[in-house]
file protein28.cif (mmCIF, C-alpha atoms)
data_entry
loop_
_atom_site.label_atom_id
_atom_site.label_comp_id
_atom_site.auth_asym_id
_atom_site.auth_seq_id
_atom_site.Cartn_x
_atom_site.Cartn_y
_atom_site.Cartn_z
CA MET M 4 117.71 88.09 108.97
CA GLU M 5 117.86 90.54 111.84
CA ARG M 6 114.07 90.51 112.29
CA ALA M 7 113.96 86.70 112.02
CA ARG M 8 116.64 86.36 114.68
CA ALA M 9 114.72 88.75 116.95
CA PHE M 10 111.53 86.67 116.57
CA ALA M 11 113.38 83.42 117.27
CA LYS M 12 115.05 84.92 120.33
CA ARG M 13 111.77 86.32 121.69
CA LEU M 14 110.04 82.95 121.17
CA ASN M 15 113.08 81.03 122.48
CA VAL M 16 113.15 78.72 119.45
CA GLY M 17 115.55 77.68 116.70
CA LEU M 18 115.76 79.42 113.35
CA ALA M 19 115.75 78.17 109.78
CA ILE M 20 115.92 80.39 106.73
CA ILE M 21 114.23 79.90 103.37
CA ASP M 22 116.45 81.10 100.54
CA LYS M 23 114.24 82.33 97.71
CA ARG M 24 114.76 84.15 94.45
CA ARG M 25 112.19 86.48 92.94
CA GLU M 26 111.84 85.69 89.24
CA GLY M 27 109.31 88.47 88.56
CA PRO M 28 106.13 89.97 89.99
CA ASN M 29 104.34 87.31 92.09
CA ARG M 30 106.89 84.69 90.98
CA THR M 31 109.44 83.22 93.35
CA LYS M 32 111.53 80.09 93.45
CA ILE M 33 112.63 78.40 96.67
CA MET M 34 116.32 77.60 96.41
CA ASN M 35 117.40 76.19 99.80
CA ILE M 36 116.32 75.57 103.38
CA ILE M 37 119.08 76.68 105.74
CA GLY M 38 118.69 75.04 109.15
CA ASP M 39 117.38 71.84 110.70
CA VAL M 40 113.63 71.27 110.29
CA VAL M 41 113.47 67.47 110.56
CA GLY M 42 110.71 66.41 112.93
CA ARG M 43 110.11 69.98 114.12
CA ASP M 44 107.00 72.11 114.26
CA ILE M 45 107.56 75.07 111.95
CA LEU M 46 106.25 78.64 112.03
CA ILE M 47 106.55 80.56 108.75
CA LEU M 48 106.12 84.32 109.14
CA ASP M 49 105.71 86.93 106.44
CA ASP M 50 104.39 90.46 106.25
CA MET M 51 101.70 89.56 103.70
CA ILE M 52 100.31 86.72 101.65
CA ASP M 53 99.22 87.86 98.20
CA THR M 54 98.97 85.00 95.68
CA ALA M 55 100.42 82.52 98.25
CA GLY M 56 103.00 81.20 95.80
CA THR M 57 105.96 81.80 98.09
CA ILE M 58 104.32 80.48 101.25
CA ALA M 59 103.01 77.36 99.48
CA GLN M 60 106.43 76.63 97.95
CA ALA M 61 108.15 77.26 101.28
CA ALA M 62 105.80 74.88 103.10
CA ALA M 63 106.29 72.18 100.46
CA ALA M 64 110.08 72.55 100.65
CA ILE M 65 110.07 72.43 104.45
CA LYS M 66 107.75 69.41 104.51
CA ALA M 67 110.01 67.65 101.98
CA LYS M 68 112.91 68.21 104.40
CA GLY M 69 110.99 66.35 107.12
CA ALA M 70 109.13 69.02 109.09
CA ALA M 71 106.27 67.93 111.32
CA ARG M 72 103.49 70.51 111.74
CA ILE M 73 103.58 73.76 109.72
CA VAL M 74 101.82 76.95 110.78
CA ALA M 75 102.03 80.10 108.66
CA GLY M 76 101.30 83.63 109.76
CA CYS M 77 101.08 87.04 108.17
CA THR M 78 99.94 90.53 109.02
CA HIS M 79 98.19 91.37 105.75
CA PRO M 80 96.12 88.63 104.03
CA VAL M 81 95.75 90.05 100.52
CA LEU M 82 94.81 86.58 99.19
CA SER M 83 94.44 87.44 95.53
CA GLY M 84 94.13 85.22 92.45
CA PRO M 85 95.02 81.58 93.18
CA ALA M 86 95.86 82.19 96.86
CA LEU M 87 92.99 80.27 98.44
CA GLN M 88 93.52 77.21 96.26
CA ARG M 89 97.28 77.25 96.87
CA LEU M 90 96.80 77.57 100.63
CA SER M 91 94.20 74.79 100.67
CA GLU M 92 96.56 72.46 98.79
CA ALA M 93 99.76 73.43 100.64
CA PRO M 94 101.05 71.21 103.48
CA ILE M 95 100.19 73.94 106.01
CA ASP M 96 98.15 72.98 109.06
CA GLU M 97 97.01 76.49 109.98
CA ILE M 98 97.33 80.02 108.58
CA VAL M 99 97.02 82.79 111.18
CA VAL M 100 96.29 86.26 109.80
CA THR M 101 95.13 89.61 111.16
CA ASN M 102 92.08 91.56 110.12
CA THR M 103 94.03 94.45 108.56
CA ILE M 104 92.34 93.48 105.30
CA PRO M 105 88.70 92.25 105.47
CA LEU M 106 88.51 88.67 104.17
CA LYS M 107 84.85 88.88 103.16
CA GLY M 108 84.25 85.16 103.74
CA LYS M 109 87.52 83.88 102.27
CA GLU M 110 88.29 82.19 105.59
CA GLN M 111 85.18 80.06 104.97
CA ILE M 112 86.62 78.87 101.65
CA CYS M 113 89.98 77.92 103.17
CA LYS M 114 89.24 76.38 106.57
CA LYS M 115 92.92 76.56 107.54
CA ILE M 116 92.67 80.33 108.06
CA THR M 117 92.38 81.76 111.58
CA VAL M 118 91.76 85.53 111.80
CA LEU M 119 92.99 87.55 114.78
CA SER M 120 91.66 91.04 115.45
CA ILE M 121 94.11 93.89 115.95
CA ALA M 122 91.36 96.31 117.02
CA SER M 123 92.44 96.50 120.68
CA LEU M 124 96.08 97.02 119.68
CA ILE M 125 95.20 99.87 117.31
CA GLY M 126 92.86 101.36 119.93
CA GLU M 127 95.56 101.26 122.59
CA ALA M 128 98.09 102.82 120.20
CA ILE M 129 95.67 105.69 119.41
CA LYS M 130 95.03 106.23 123.12
CA ARG M 131 98.75 106.33 123.90
CA ILE M 132 99.44 108.76 121.08
CA HIS M 133 96.66 111.01 122.39
CA GLU M 134 98.08 110.81 125.93
CA GLU M 135 101.66 111.29 124.63
CA ALA M 136 102.64 107.92 126.11
CA SER M 137 104.93 105.24 124.68
CA VAL M 138 103.62 103.29 121.71
CA SER M 139 106.78 101.21 121.28
CA SER M 140 106.29 99.65 124.73
CA LEU M 141 103.23 97.87 123.28
CA PHE M 142 105.64 95.62 121.40
CA VAL M 143 107.96 94.66 124.26
#

call {"tool": "encode", "arguments": {"input": "protein28.cif", "output": "structure tokens"}}
result
Amino acid sequence: MERARAFAKRLNVGLAIIDKRREGPNRTKIMNIIGDVVGRDILILDDMIDTAGTIAQAAAAIKAKGAARIVAGCTHPVLSGPALQRLSEAPIDEIVVTNTIPLKGKEQICKKITVLSIASLIGEAIKRIHEEASVSSLFV
């Protein structure tokens, strides 16, 4: 919650929370949407997308509550097993991921995927570490 609030504050937007329960490895169940999503553009953020079960369920639940456009984002696109099919079928307009894990053409299978490079960020962090400068200021 603390991280979600920080993102919402930095972006100057509202916040809704998806209440989920993990039923086992790679198995979740969306329980509730807490917050107003009716008619709004939604950004769903997660650290990684593995099988895409959670993100697909979350998008479906949010769309059912009346959301307009849905964009999902993650740092690490694992995209294993049924992920590409689930993402293709989910009511998500765009999925923005970084290149921390090479997709090896998976973004061609699911046209919703946009890949952003973190090369310059990593390069700048390495430079700052070498020069004993602040790395945390990169994220302000």

call {"tool": "resolve_selection", "arguments": {"input": "protein28.cif", "expression": "the PyMOL selection byres ((chain M and resi 39-48) around 9)", "output": "JSON, numbers by chain"}}
result
{"M": [7, 17, 18, 19, 36, 37, 38, 49, 50, 51, 58, 61, 62, 65, 66, 68, 69, 70, 71, 72, 73, 74, 75, 76, 77, 78]}

call {"tool": "closest_residue", "arguments": {"input": "protein28.cif", "among": "M:Pro105, M:Gly84, M:Pro94, M:Gly27", "to": "Leu119 (chain M)", "atoms": "all atoms listed in the file"}}
result
M:Pro105

call {"tool": "atom_distance", "arguments": {"input": "protein28.cif", "atom1": "CA of Asn35 (chain M)", "atom2": "CA of Met4 (chain M)"}}
result
15.0 Å

call {"tool": "resolve_selection", "arguments": {"input": "protein28.cif", "expression": "the PyMOL selection byres ((chain M and resi 115) around 12)", "output": "PDB file with C-alpha atoms, in the frame of the given file"}}
result
ATOM      1  CA  ILE M  73     103.580  73.760 109.720  1.00  0.00           C
ATOM      2  CA  VAL M  74     101.820  76.950 110.780  1.00  0.00           C
ATOM      3  CA  ALA M  75     102.030  80.100 108.660  1.00  0.00           C
ATOM      4  CA  GLY M  76     101.300  83.630 109.760  1.00  0.00           C
ATOM      5  CA  LEU M  87      92.990  80.270  98.440  1.00  0.00           C
ATOM      6  CA  GLN M  88      93.520  77.210  96.260  1.00  0.00           C
ATOM      7  CA  ARG M  89      97.280  77.250  96.870  1.00  0.00           C
ATOM      8  CA  LEU M  90      96.800  77.570 100.630  1.00  0.00           C
ATOM      9  CA  SER M  91      94.200  74.790 100.670  1.00  0.00           C
ATOM     10  CA  GLU M  92      96.560  72.460  98.790  1.00  0.00           C
ATOM     11  CA  ALA M  93      99.760  73.430 100.640  1.00  0.00           C
ATOM     12  CA  PRO M  94     101.050  71.210 103.480  1.00  0.00           C
ATOM     13  CA  ILE M  95     100.190  73.940 106.010  1.00  0.00           C
ATOM     14  CA  ASP M  96      98.150  72.980 109.060  1.00  0.00           C
ATOM     15  CA  GLU M  97      97.010  76.490 109.980  1.00  0.00           C
ATOM     16  CA  ILE M  98      97.330  80.020 108.580  1.00  0.00           C
ATOM     17  CA  VAL M  99      97.020  82.790 111.180  1.00  0.00           C
ATOM     18  CA  VAL M 100      96.290  86.260 109.800  1.00  0.00           C
ATOM     19  CA  LYS M 109      87.520  83.880 102.270  1.00  0.00           C
ATOM     20  CA  GLU M 110      88.290  82.190 105.590  1.00  0.00           C
ATOM     21  CA  GLN M 111      85.180  80.060 104.970  1.00  0.00           C
ATOM     22  CA  ILE M 112      86.620  78.870 101.650  1.00  0.00           C
ATOM     23  CA  CYS M 113      89.980  77.920 103.170  1.00  0.00           C
ATOM     24  CA  LYS M 114      89.240  76.380 106.570  1.00  0.00           C
ATOM     25  CA  ILE M 116      92.670  80.330 108.060  1.00  0.00           C
ATOM     26  CA  THR M 117      92.380  81.760 111.580  1.00  0.00           C
ATOM     27  CA  VAL M 118      91.760  85.530 111.800  1.00  0.00           C
TER      28      VAL M 118
END

call {"tool": "resolve_selection", "arguments": {"input": "protein28.cif", "expression": "the PyMOL selection byres ((chain M and resi 33) around 9)", "output": "PyMOL selection string"}}
result
chain M and resi 21-25+31-32+34-36+57+60-61+64

call {"tool": "residues_around", "arguments": {"input": "protein28.cif", "residues": "Thr103 (chain M)", "least_positions_apart": "5", "cutoff": "9 Å", "atoms": "only C-alpha atoms", "output": "CSV table (one decimal) with C-alpha atoms, in the coordinates of the input"}}
result
chain,number,residue,atom,x,y,z
M,78,THR,CA,99.9,90.5,109.0
M,79,HIS,CA,98.2,91.4,105.8
M,80,PRO,CA,96.1,88.6,104.0
M,120,SER,CA,91.7,91.0,115.4
M,121,ILE,CA,94.1,93.9,116.0

call {"tool": "atom_distance", "arguments": {"input": "protein28.cif", "atom1": "CA of Pro28 (chain M)", "atom2": "CA of Thr54 (chain M)"}}
result
10.4 Å

call {"tool": "closest_residue", "arguments": {"input": "protein28.cif", "among": "M:Ala67, M:Ile52, M:Lys107, M:Lys130", "to": "Ala86 (chain M)", "atoms": "all atoms listed in the file"}}
result
M:Ile52

call {"tool": "axis_aligned_box", "arguments": {"input": "protein28.cif", "around": "region 131-140 of chain M", "padding_each_side": "6 Å", "output": "AutoDock Vina command-line options"}}
result
--center_x 101.7 --center_y 105.5 --center_z 123.6 --size_x 22.1 --size_y 23.6 --size_z 17.0

call {"tool": "residues_around", "arguments": {"input": "protein28.cif", "residues": "Ala122 (chain M)", "least_positions_apart": "4", "cutoff": "10 Å", "atoms": "only C-alpha atoms", "output": "list in words"}}
result
Thr101, Asn102, Thr103, Gly126, Glu127 and Ala128 of chain M

call {"tool": "atom_distance", "arguments": {"input": "protein28.cif", "atom1": "CA of Ser83 (chain M)", "atom2": "CA of Ala55 (chain M)"}}
result
8.2 Å
